[in-house]
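Working notes for the structure below.
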Amino acid sequence: MKNNNTEDSQLIEKAKAGNMEALNFLMTKYYPRVYSSLYSYTKSKEDSEDLAQTTFIKAWKALDSFRGDSAFFTWLYRIAINLAKNHFQSSSYKKQKLNISEDERLYESEDPQNIETELLHEDALRSINKFIKTLPENLRTSFVLREVEGKSYEDIALITGTPIGTVRSRIFRARETILKFINEGMLNG
C-alpha cells in the first residue's frame, strides 16, 4: 500500500487479528464516504443506509481477503456498488418501488417558490434518470462513477476492472446517448 495508507494498513492488520476497536475505527472513518457514494447511486436515503450497513458487514466477513492491492476505500466501494447493483436488479426492489405512488414522491419534496418551474425541472430530471437506468450496465456504471461520483478515469478502471481506454469509450458513448435522448425529448416535447 502507498504511504498515505499506512494508518489504514495498520488498522486493517489489527482488525484481521480480531481487534474490534480497529474495525470500528475503519467503519467510522469510511462510513460517510460509502454512504455518500451509495446515495449518489441510489438517490434513496433508506436504501443507502441499508446498503452501507450491508457493505460493512460483508467487508468485515471478507476482511481476510483484502490484500492491499488497492486502497481500502476502493475495495469497500466495489463491495458497496456491487451490492447496489444487485439490490436494483432484485425483484423485491422492483415490487417495493411500484408500491410508492407518484403523488407520494411529489408530496415529500420541498415547497419550491416557483412550483410550475420546479415540477418541470423535476419531471425532466426524472425522465433523464429513468433513461440512464436503461443504459447497458457497463455504460451506466462508468457514467455514474464519472459524472455523479466524480471519480477519475484511473479509479473507474480499478473499480470496474477494465482498461482506461475502455472506460473513456464507455463514458463517451453514455454521454452521446444521453444527449441524443435529451435533444430528441426537447424536439418532441
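Residues in the C-alpha cells are numbered from 1 in each chain, the chains being A, B, ... in the order shown, and ligands are numbered from 1 in the order shown.
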
*Just list the residues in region 19-69 of chain A DSSP gives alpha helix (DSSP H) on the backbone, as a PyMOL selection string.*
chain A and resi 20-42+45-61

Would you mind exporting N, CA and C atoms of the selected residues as a CSV table (one decimal), in the first residue's frame?
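Contents of out.csv, freshly written:
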chain,number,residue,atom,x,y,z
A,20,MET,N,-11.5,-5.4,17.5
A,20,MET,CA,-12.8,-4.7,17.1
A,20,MET,C,-12.7,-3.2,17.2
A,21,GLU,N,-11.8,-2.6,18.0
A,21,GLU,CA,-11.7,-1.2,18.0
A,21,GLU,C,-11.1,-0.7,16.7
A,22,ALA,N,-10.1,-1.4,16.1
A,22,ALA,CA,-9.6,-1.0,14.8
A,22,ALA,C,-10.6,-1.1,13.8
A,23,LEU,N,-11.4,-2.2,13.8
A,23,LEU,CA,-12.5,-2.3,12.8
A,23,LEU,C,-13.5,-1.2,13.0
A,24,ASN,N,-13.9,-0.9,14.2
A,24,ASN,CA,-14.9,0.2,14.4
A,24,ASN,C,-14.3,1.5,13.9
A,25,PHE,N,-13.0,1.8,14.1
A,25,PHE,CA,-12.4,3.0,13.6
A,25,PHE,C,-12.5,3.1,12.1
A,26,LEU,N,-12.2,2.0,11.4
A,26,LEU,CA,-12.2,2.0,10.0
A,26,LEU,C,-13.7,2.2,9.5
A,27,MET,N,-14.6,1.6,10.2
A,27,MET,CA,-16.0,1.8,9.8
A,27,MET,C,-16.4,3.2,10.0
A,28,THR,N,-16.1,3.8,11.1
A,28,THR,CA,-16.4,5.2,11.4
A,28,THR,C,-15.8,6.1,10.4
A,29,LYS,N,-14.5,5.8,10.0
A,29,LYS,CA,-13.8,6.7,9.1
A,29,LYS,C,-14.4,6.7,7.7
A,30,TYR,N,-14.8,5.5,7.2
A,30,TYR,CA,-15.3,5.4,5.8
A,30,TYR,C,-16.8,5.3,5.6
A,31,TYR,N,-17.5,5.3,6.7
A,31,TYR,CA,-19.0,5.2,6.6
A,31,TYR,C,-19.5,6.4,5.8
A,32,PRO,N,-19.1,7.7,6.1
A,32,PRO,CA,-19.7,8.8,5.3
A,32,PRO,C,-19.4,8.7,3.8
A,33,ARG,N,-18.2,8.3,3.4
A,33,ARG,CA,-17.9,8.2,2.0
A,33,ARG,C,-18.6,7.1,1.3
A,34,VAL,N,-18.8,5.9,2.0
A,34,VAL,CA,-19.5,4.8,1.5
A,34,VAL,C,-21.0,5.2,1.3
A,35,TYR,N,-21.5,5.8,2.4
A,35,TYR,CA,-22.9,6.3,2.3
A,35,TYR,C,-23.2,7.2,1.2
A,36,SER,N,-22.3,8.2,1.1
A,36,SER,CA,-22.4,9.2,0.0
A,36,SER,C,-22.3,8.6,-1.4
A,37,SER,N,-21.4,7.7,-1.6
A,37,SER,CA,-21.3,7.0,-2.9
A,37,SER,C,-22.6,6.2,-3.2
A,38,LEU,N,-23.1,5.6,-2.2
A,38,LEU,CA,-24.3,4.8,-2.4
A,38,LEU,C,-25.5,5.7,-2.6
A,39,TYR,N,-25.6,6.9,-1.9
A,39,TYR,CA,-26.7,7.8,-2.2
A,39,TYR,C,-26.6,8.4,-3.6
A,40,SER,N,-25.4,8.7,-4.0
A,40,SER,CA,-25.3,9.2,-5.4
A,40,SER,C,-25.8,8.1,-6.4
A,41,TYR,N,-25.6,6.9,-6.1
A,41,TYR,CA,-26.0,5.8,-7.0
A,41,TYR,C,-27.5,5.5,-6.8
A,42,THR,N,-28.0,5.5,-5.6
A,42,THR,CA,-29.4,5.0,-5.4
A,42,THR,C,-30.4,6.2,-5.3
A,45,LYS,N,-32.3,7.7,0.7
A,45,LYS,CA,-31.6,7.7,2.0
A,45,LYS,C,-31.7,6.3,2.6
A,46,GLU,N,-32.9,5.7,2.6
A,46,GLU,CA,-33.1,4.4,3.2
A,46,GLU,C,-32.3,3.3,2.6
A,47,ASP,N,-32.4,3.3,1.2
A,47,ASP,CA,-31.6,2.3,0.5
A,47,ASP,C,-30.1,2.4,0.8
A,48,SER,N,-29.6,3.7,0.8
A,48,SER,CA,-28.2,4.0,1.1
A,48,SER,C,-27.8,3.5,2.4
A,49,GLU,N,-28.6,3.8,3.4
A,49,GLU,CA,-28.3,3.4,4.8
A,49,GLU,C,-28.2,1.9,4.9
A,50,ASP,N,-29.2,1.2,4.4
A,50,ASP,CA,-29.3,-0.3,4.4
A,50,ASP,C,-28.1,-0.9,3.7
A,51,LEU,N,-27.8,-0.3,2.5
A,51,LEU,CA,-26.7,-0.9,1.7
A,51,LEU,C,-25.3,-0.6,2.4
A,52,ALA,N,-25.2,0.6,3.0
A,52,ALA,CA,-23.9,0.9,3.7
A,52,ALA,C,-23.7,-0.1,4.8
A,53,GLN,N,-24.7,-0.3,5.6
A,53,GLN,CA,-24.6,-1.3,6.7
A,53,GLN,C,-24.2,-2.7,6.2
A,54,THR,N,-24.9,-3.1,5.1
A,54,THR,CA,-24.6,-4.4,4.5
A,54,THR,C,-23.2,-4.4,3.9
A,55,THR,N,-22.7,-3.3,3.4
A,55,THR,CA,-21.3,-3.2,2.9
A,55,THR,C,-20.3,-3.5,4.0
A,56,PHE,N,-20.5,-2.9,5.1
A,56,PHE,CA,-19.6,-3.1,6.2
A,56,PHE,C,-19.6,-4.5,6.8
A,57,ILE,N,-20.8,-5.1,6.9
A,57,ILE,CA,-20.9,-6.4,7.3
A,57,ILE,C,-20.2,-7.4,6.4
A,58,LYS,N,-20.4,-7.2,5.1
A,58,LYS,CA,-19.8,-8.0,4.1
A,58,LYS,C,-18.2,-7.8,4.1
A,59,ALA,N,-17.8,-6.5,4.3
A,59,ALA,CA,-16.4,-6.2,4.3
A,59,ALA,C,-15.8,-6.9,5.6
A,60,TRP,N,-16.5,-6.8,6.7
A,60,TRP,CA,-16.0,-7.5,7.9
A,60,TRP,C,-15.8,-9.0,7.7
A,61,LYS,N,-16.8,-9.6,7.1
A,61,LYS,CA,-16.7,-11.0,6.9
A,61,LYS,C,-15.6,-11.4,5.9

*Nearest to Arg175 (chain A): which of A:Asp69, A:Glu137, A:Glu147, A:Asp64 is it, counting only C-alpha atoms?*
A:Glu147

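Atom pair CA of Asn129 (chain A) / CA of Ile171 (chain A): separated by 15.6 Å.
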